[in-house]
Structure formats: C-alpha cells, structure tokens
Amino acid sequence: MTADAFIHLPELRARVTHPEKSLLRLTPKMFSMWEQRARAAGWPAGWRLTDEAIEESRLAVLGGHPDGDDLWVYSYGSLMWDPGFHFAEVRLADVENYQRRFTLKINLGRGSHDYPALMLSLEPQLGCCRGLAFRIAADSVHAETAILWRREMLRGGYAPAMVPMTTPQGPITALAFTSNRSHPSYVGELPLAETAAMIASGKGVLGTNREYLVQLATQLQALEIEDPYVAQLHAQIGGAPGA
C-alpha cells in the first residue's frame with residue numbers, strides 16, 4: 001500500500017489488514033500451506049482448480065490488460081477488510097444493477113462437510129451495491145492479480161468481469177467477482193430465515209460463517225454503507241454493532 005492509498009477514506013486505514021499480514025495473501029508459499037491443510041482435512045487431490053486452470057481464467061479476463069494501465073478491483077465482501085493485495089488507492093464505489101447476496105454454499109474455508117456455510121456473491125439484481133474499489137498500480141497488476149485469483153477462483157465459484165461503476169472521484173471500470181450461476185456451489189438466494197440459520201451454524205478452518213457476517217456488517221456500518229439485506233441477517237443471528 002502506498003502512503004496516500006487512504007487519501008479519500010483516512011478512517012479506513014485502521015480497518016484494512018495490511019497485505020503482508022494477511023493469511024489470505026495467496027503467494028505460492030501461503031497457497032502451499034493452505035493446500036496442505038486441505039489435504040490433511042481429507043480433501044482429495046482434485047478439490048480445487050489446477051494452477052493452469054486458475055491462470056487460464058485470469059488471462060481470459062486480464063490477458064489483454066495494457067501494461068501501462070492501473071487496475072481497479074471492486075470489493076463487496078471480505079476484500080473490504082482483508083484484500084490481500086497491494087494497492088495504491090481505495091474509494092467508495094457504486095455498481096448499478098447488482099446486489100450482494102449469500103448465494104454460494106461452501107464446505108471449505110468458513111464451512112465444512114458437517115457445518116456448511118454460505119458465502120457472498122455479487123448478484124445481478126435491481127438496485128445498487130456500494131462497496132470499495134482498490135486501485136492496483138500498473139507495474140503490480142499481473143503479480144497481484146495472480147495472488148488474488150488463487151483466492152477468489154480457487155474452485156471457480158465466481159464469474160470475474162470488468163464492470164463500470166461510479167465513485168465520488170469519478171467513473172471507473174473495475175474487476176468484479178460476480179455470480180457464477182452455473183457453478184455446483186450456487187444455490188441462489190434462499191429465504192432470509194434459512195440463510196441466517198446456515199450462517200449461524202457454518203464453520204470451518206477459517207472460522208465461523210457468523211464471524212464473517214459480523215465482520216461484513218461492522219465494516220459496512222463503519223463506512224456508513226446501508227445494506228438492508230446484510231442488516232436483517234445480522235439482526236437475525238443476534239448481531240450487534242461491533243459484535
């Protein structure tokens with residue numbers, strides 16, 4: 001992160017994990033550690049996409065990205081507090097006709113076979129989703145997105161796309177990990193009570209699904225971002241501000 005990365009949101013500085021302290025900065029060394037843990041937990045060799053498939057996916061979206069251009073990355077979930085990549089600037093960002101929704105059922109990370117979890121996706125829906133946009137400097141784009149892709153596209157659960165959006169400082173086009181409705185983990189938007197119940201019980205090697213929701217709700221509150229869906233889920237699991 002550069003010295004002035006938080007020039008637009010100075011209060012966010014203390015609320016974002018430094019990339020070098022992130023357990024989700026999936027460098028080859030960190031990726032190997034997580035893979036060993038997955039295998040120790042009984043996951044078979046084919047539990048994730050191959051390195052080649054992950055890189056092929058990245059190049060399909062970013063292979064033509066001009067070498068001299070910075071890249072914006074949109075965040076609407078855990079990237080909002082733990083991006084895991086180095087960035088030069090962060091802004092509030094609004095993307096029209098999308099909403100954050102818990103539509104991916106997972107049994108890894110914050111879920112397990114016995115206690116599955118639900119994770120966020122960016123769903124095409126009427127309305128507007130407010131999140132954060134992080135700018136990666138041009139000379140770091142390919143190295144940092146390779147790290148990001150291992151995290152977000154480990155099992156191919158998203159459909160990465162370049163999406164136009166607005167920020168208080170002007171319009172941008174950013175990389176966003178949107179919903180992949182053809183993925184086996186995709187369950188769509190479940191009734192709110194069912195969603196809350198699964199989040200309340202889900203847990204895995206990265207912690208509980210409840211903790212994820214609380215972190216999300218807390219970060220949105222700190223940024224004064226209103227999201228009725230997240231607020232209702234937070235209330236249903238007995239969450240309180242800062243809990």
# chains A, B, ... in the order shown; residues from 1 in each chain; ligands from 1

$ residues_around --residues "Asp114 of chain A" --least-positions-apart "6" --cutoff "10 Å" --atoms "only C-alpha atoms" --output "ChimeraX atom specification"
/A:107,201-204

$ write_last_selection --atoms "all heavy atoms" --output "mmCIF file, in the first residue's frame"
data_model
loop_
_atom_site.group_PDB
_atom_site.id
_atom_site.type_symbol
_atom_site.label_atom_id
_atom_site.label_comp_id
_atom_site.auth_asym_id
_atom_site.auth_seq_id
_atom_site.Cartn_x
_atom_site.Cartn_y
_atom_site.Cartn_z
ATOM 1 N N ASN A 107 -18.312 -25.840 1.670
ATOM 2 C CA ASN A 107 -17.898 -26.734 2.755
ATOM 3 C C ASN A 107 -16.381 -26.681 2.938
ATOM 4 O O ASN A 107 -15.735 -27.659 3.289
ATOM 5 C CB ASN A 107 -18.365 -28.171 2.506
ATOM 6 C CG ASN A 107 -18.038 -28.648 1.096
ATOM 7 O OD1 ASN A 107 -17.205 -28.057 0.399
ATOM 8 N ND2 ASN A 107 -18.704 -29.710 0.670
ATOM 9 N N SER A 201 -24.722 -21.478 11.831
ATOM 10 C CA SER A 201 -24.144 -22.786 12.173
ATOM 11 C C SER A 201 -22.872 -23.127 11.401
ATOM 12 O O SER A 201 -22.103 -24.006 11.812
ATOM 13 C CB SER A 201 -25.175 -23.894 11.936
ATOM 14 O OG SER A 201 -25.542 -23.956 10.564
ATOM 15 N N GLY A 202 -22.608 -22.441 10.280
ATOM 16 C CA GLY A 202 -21.470 -22.788 9.443
ATOM 17 C C GLY A 202 -20.134 -22.512 10.114
ATOM 18 O O GLY A 202 -19.958 -21.482 10.763
ATOM 19 N N LYS A 203 -19.192 -23.444 9.945
ATOM 20 C CA LYS A 203 -17.845 -23.238 10.491
ATOM 21 C C LYS A 203 -16.854 -24.135 9.775
ATOM 22 O O LYS A 203 -17.188 -25.222 9.301
ATOM 23 C CB LYS A 203 -17.806 -23.491 11.992
ATOM 24 C CG LYS A 203 -18.236 -24.880 12.430
ATOM 25 C CD LYS A 203 -18.210 -24.979 13.957
ATOM 26 C CE LYS A 203 -18.693 -26.349 14.439
ATOM 27 N NZ LYS A 203 -18.676 -26.438 15.936
ATOM 28 N N GLY A 204 -15.612 -23.640 9.692
ATOM 29 C CA GLY A 204 -14.558 -24.385 9.016
ATOM 30 C C GLY A 204 -13.189 -23.908 9.464
ATOM 31 O O GLY A 204 -13.057 -23.234 10.492
#

$ residues_around --residues "Phe31 of chain A" --least-positions-apart "2" --cutoff "12 Å" --atoms "only C-alpha atoms" --output "PyMOL selection string"
chain A and resi 23-29+33-38+48+51+146-151+154

$ residues_around --residues "Ile106 of chain A" --least-positions-apart "5" --cutoff "7 Å" --atoms "only C-alpha atoms" --output "PDB file with N, CA, C and O atoms, in the first residue's frame"
ATOM      1  N   GLY A 111     -16.792 -23.013   6.076  1.00  0.00           N
ATOM      2  CA  GLY A 111     -17.759 -24.092   6.111  1.00  0.00           C
ATOM      3  C   GLY A 111     -17.040 -25.429   6.123  1.00  0.00           C
ATOM      4  O   GLY A 111     -15.825 -25.503   5.920  1.00  0.00           O
ATOM      5  N   PRO A 116     -21.897 -26.768   6.745  1.00  0.00           N
ATOM      6  CA  PRO A 116     -21.729 -25.939   5.540  1.00  0.00           C
ATOM      7  C   PRO A 116     -22.067 -24.479   5.807  1.00  0.00           C
ATOM      8  O   PRO A 116     -22.809 -24.157   6.745  1.00  0.00           O
ATOM      9  N   ALA A 117     -21.498 -23.628   4.968  1.00  0.00           N
ATOM     10  CA  ALA A 117     -21.670 -22.187   5.126  1.00  0.00           C
ATOM     11  C   ALA A 117     -22.191 -21.574   3.835  1.00  0.00           C
ATOM     12  O   ALA A 117     -22.227 -22.224   2.788  1.00  0.00           O
ATOM     13  N   LEU A 118     -22.572 -20.321   3.932  1.00  0.00           N
ATOM     14  CA  LEU A 118     -22.961 -19.548   2.754  1.00  0.00           C
ATOM     15  C   LEU A 118     -22.005 -18.382   2.596  1.00  0.00           C
ATOM     16  O   LEU A 118     -21.701 -17.683   3.569  1.00  0.00           O
ATOM     17  N   SER A 185     -21.782 -25.052  -6.572  1.00  0.00           N
ATOM     18  CA  SER A 185     -21.979 -24.496  -5.232  1.00  0.00           C
ATOM     19  C   SER A 185     -23.061 -23.427  -5.183  1.00  0.00           C
ATOM     20  O   SER A 185     -23.461 -22.991  -4.100  1.00  0.00           O
TER      21      SER A 185
END

$ atom_distance --atom1 "atom CA of Ala93 of chain A" --atom2 "atom CA of Leu220 of chain A"
12.7 Å

$ closest_atom_pairs --of "segment 64-169 of chain A" --to "segment 208-215 of chain A" --cutoff "12 Å" --atoms "only C-alpha atoms" --output "tab-separated table"
residue	atom	partner	partner_atom	distance
A:Tyr76	CA	A:Gln215	CA	12.0
A:Gly77	CA	A:Tyr212	CA	8.8
A:Ser78	CA	A:Tyr212	CA	7.7
A:Leu79	CA	A:Gln215	CA	11.1
A:Met80	CA	A:Gln215	CA	9.7
A:Trp81	CA	A:Gln215	CA	8.3
A:Asp82	CA	A:Gln215	CA	10.5
A:Arg101	CA	A:Leu213	CA	11.4
A:Phe102	CA	A:Leu213	CA	9.9
A:Lys105	CA	A:Asn209	CA	11.0
A:Ile106	CA	A:Asn209	CA	10.2
A:Asn107	CA	A:Asn209	CA	10.8
A:Leu108	CA	A:Asn209	CA	10.8
A:Gly109	CA	A:Thr208	CA	8.7
A:Arg110	CA	A:Thr208	CA	5.2
A:Gly111	CA	A:Asn209	CA	6.9
A:Ser112	CA	A:Thr208	CA	9.9
A:Tyr115	CA	A:Thr208	CA	9.4
A:Pro116	CA	A:Asn209	CA	8.8
A:Ala117	CA	A:Asn209	CA	5.9
A:Leu118	CA	A:Asn209	CA	7.2
A:Met119	CA	A:Asn209	CA	8.0
A:Leu120	CA	A:Leu213	CA	9.5

$ residues_around --residues "segment 89-91 of chain A" --least-positions-apart "2" --cutoff "8 Å" --atoms "only C-alpha atoms" --output "list in words"
Met1, Thr2, Asp4, Ala5, Phe6, Ile7, His8, Leu9, Phe87, Ala93, Leu132, Ala133, Phe134, Arg135, Ile136, Thr167, Pro168 and Gln169 of chain A

$ select_by_dssp --residues "segment 7-202 of chain A" --states "helix (DSSP H, G or I)" --output "VMD selection string"
chain A and resid 10 to 15 19 to 21 28 to 40 51 to 62 78 to 80 138 to 152 192 to 201

$ write_last_selection --atoms "C-alpha atoms" --output "compact mmCIF listing (two decimals), in the first residue's frame"
# COMPACT_ATOMS: atom_id res chain seq x y z
CA PRO A 10 -8.49 8.02 6.02
CA GLU A 11 -10.63 6.34 8.67
CA LEU A 12 -10.37 3.09 6.74
CA ARG A 13 -6.61 2.80 7.30
CA ALA A 14 -7.04 1.08 10.66
CA ARG A 15 -9.80 -1.17 9.34
CA PRO A 19 -1.39 -7.35 2.70
CA GLU A 20 1.83 -8.65 4.22
CA LYS A 21 -0.07 -9.59 7.39
CA PRO A 28 2.81 -19.64 -3.75
CA LYS A 29 4.19 -20.24 -0.23
CA MET A 30 0.92 -19.36 1.53
CA PHE A 31 -1.08 -21.27 -1.08
CA SER A 32 1.02 -24.37 -0.40
CA MET A 33 0.32 -24.08 3.32
CA TRP A 34 -3.43 -23.89 2.79
CA GLU A 35 -3.32 -26.78 0.34
CA GLN A 36 -1.53 -28.94 2.89
CA ARG A 37 -4.22 -28.11 5.45
CA ALA A 38 -6.96 -29.03 2.98
CA ARG A 39 -5.34 -32.36 2.19
CA ALA A 40 -4.79 -33.05 5.91
CA ASP A 51 -2.89 -23.95 -11.28
CA GLU A 52 -3.19 -23.95 -15.06
CA ALA A 53 -6.98 -23.53 -14.97
CA ILE A 54 -6.75 -20.68 -12.45
CA GLU A 55 -4.20 -18.86 -14.58
CA GLU A 56 -6.18 -19.52 -17.75
CA SER A 57 -9.20 -17.91 -16.09
CA ARG A 58 -7.14 -14.87 -15.07
CA LEU A 59 -5.68 -14.39 -18.53
CA ALA A 60 -9.12 -14.73 -20.13
CA VAL A 61 -10.14 -11.58 -18.27
CA LEU A 62 -6.87 -9.71 -17.88
CA SER A 78 -14.10 -9.87 2.77
CA LEU A 79 -11.90 -7.93 0.34
CA MET A 80 -13.31 -4.82 2.06
CA ALA A 138 0.21 -0.75 -13.32
CA ASP A 139 3.56 -2.36 -12.57
CA SER A 140 1.96 -4.68 -9.99
CA VAL A 141 -1.23 -5.68 -11.79
CA HIS A 142 -0.25 -9.13 -13.03
CA ALA A 143 1.67 -10.19 -9.90
CA GLU A 144 -1.06 -9.01 -7.52
CA THR A 145 -3.98 -10.39 -9.53
CA ALA A 146 -2.27 -13.78 -9.73
CA ILE A 147 -2.35 -13.79 -5.92
CA LEU A 148 -5.96 -12.58 -5.86
CA TRP A 149 -7.09 -15.17 -8.42
CA ARG A 150 -5.84 -18.07 -6.29
CA ARG A 151 -8.12 -16.83 -3.52
CA GLU A 152 -11.26 -15.92 -5.43
CA LEU A 192 -33.84 -14.98 4.84
CA ALA A 193 -34.51 -17.26 7.83
CA GLU A 194 -32.86 -20.22 6.10
CA THR A 195 -29.89 -18.07 5.11
CA ALA A 196 -29.47 -16.80 8.68
CA ALA A 197 -29.72 -20.31 10.13
CA MET A 198 -26.97 -21.64 7.86
CA ILE A 199 -24.73 -18.66 8.58
CA ALA A 200 -25.29 -19.15 12.31
CA SER A 201 -24.14 -22.79 12.17

$ atom_distance --atom1 "atom CA of Ala222 of chain A" --atom2 "atom CA of Ala174 of chain A"
22.9 Å

$ select_by_dssp --residues "segment 29-210 of chain A" --states "strand (DSSP E or B)" --output "PyMOL selection string"
chain A and resi 71-75+89-106+117-136+158-167+170-179+186+203-204+207-208

$ closest_residue --among "A:Val163, A:Leu122, A:Ile172, A:Gly131" --to "Gly188 of chain A" --atoms "only C-alpha atoms"
A:Leu122

$ atom_distance --atom1 "atom CA of Gly207 of chain A" --atom2 "atom CA of Trp72 of chain A"
28.7 Å

$ closest_residue --among "A:Ala137, A:Thr50, A:Gly127, A:Ser182" --to "Asp69 of chain A" --atoms "only C-alpha atoms"
A:Ala137

$ residues_around --residues "Met165 of chain A" --least-positions-apart "5" --cutoff "10 Å" --atoms "only C-alpha atoms" --output "PDB file with C-alpha atoms, in the first residue's frame"
ATOM      1  CA  TYR A  74     -14.211  -3.979  -6.674  1.00  0.00           C
ATOM      2  CA  ALA A  93     -17.754   2.611  -5.337  1.00  0.00           C
ATOM      3  CA  ASP A  94     -21.328   2.024  -6.511  1.00  0.00           C
ATOM      4  CA  VAL A  95     -22.237  -0.623  -9.055  1.00  0.00           C
ATOM      5  CA  GLU A  96     -25.715  -0.410 -10.529  1.00  0.00           C
ATOM      6  CA  CYS A 128     -27.191  -0.536  -6.372  1.00  0.00           C
ATOM      7  CA  CYS A 129     -24.398  -2.199  -4.394  1.00  0.00           C
ATOM      8  CA  ARG A 130     -21.978   0.090  -2.586  1.00  0.00           C
ATOM      9  CA  ALA A 133     -12.704  -0.105  -5.229  1.00  0.00           C
ATOM     10  CA  GLY A 170     -15.405   9.892 -10.965  1.00  0.00           C
ATOM     11  CA  PRO A 171     -16.457   6.846 -13.037  1.00  0.00           C
ATOM     12  CA  ILE A 172     -14.239   3.767 -13.279  1.00  0.00           C
ATOM     13  CA  THR A 173     -14.338   0.253 -14.681  1.00  0.00           C
ATOM     14  CA  ALA A 174     -13.292  -2.371 -12.161  1.00  0.00           C
TER      15      ALA A 174
END

$ closest_residue --among "A:Val73, A:Ala176, A:Ile237, A:Val205" --to "Arg100 of chain A" --atoms "only C-alpha atoms"
A:Ala176
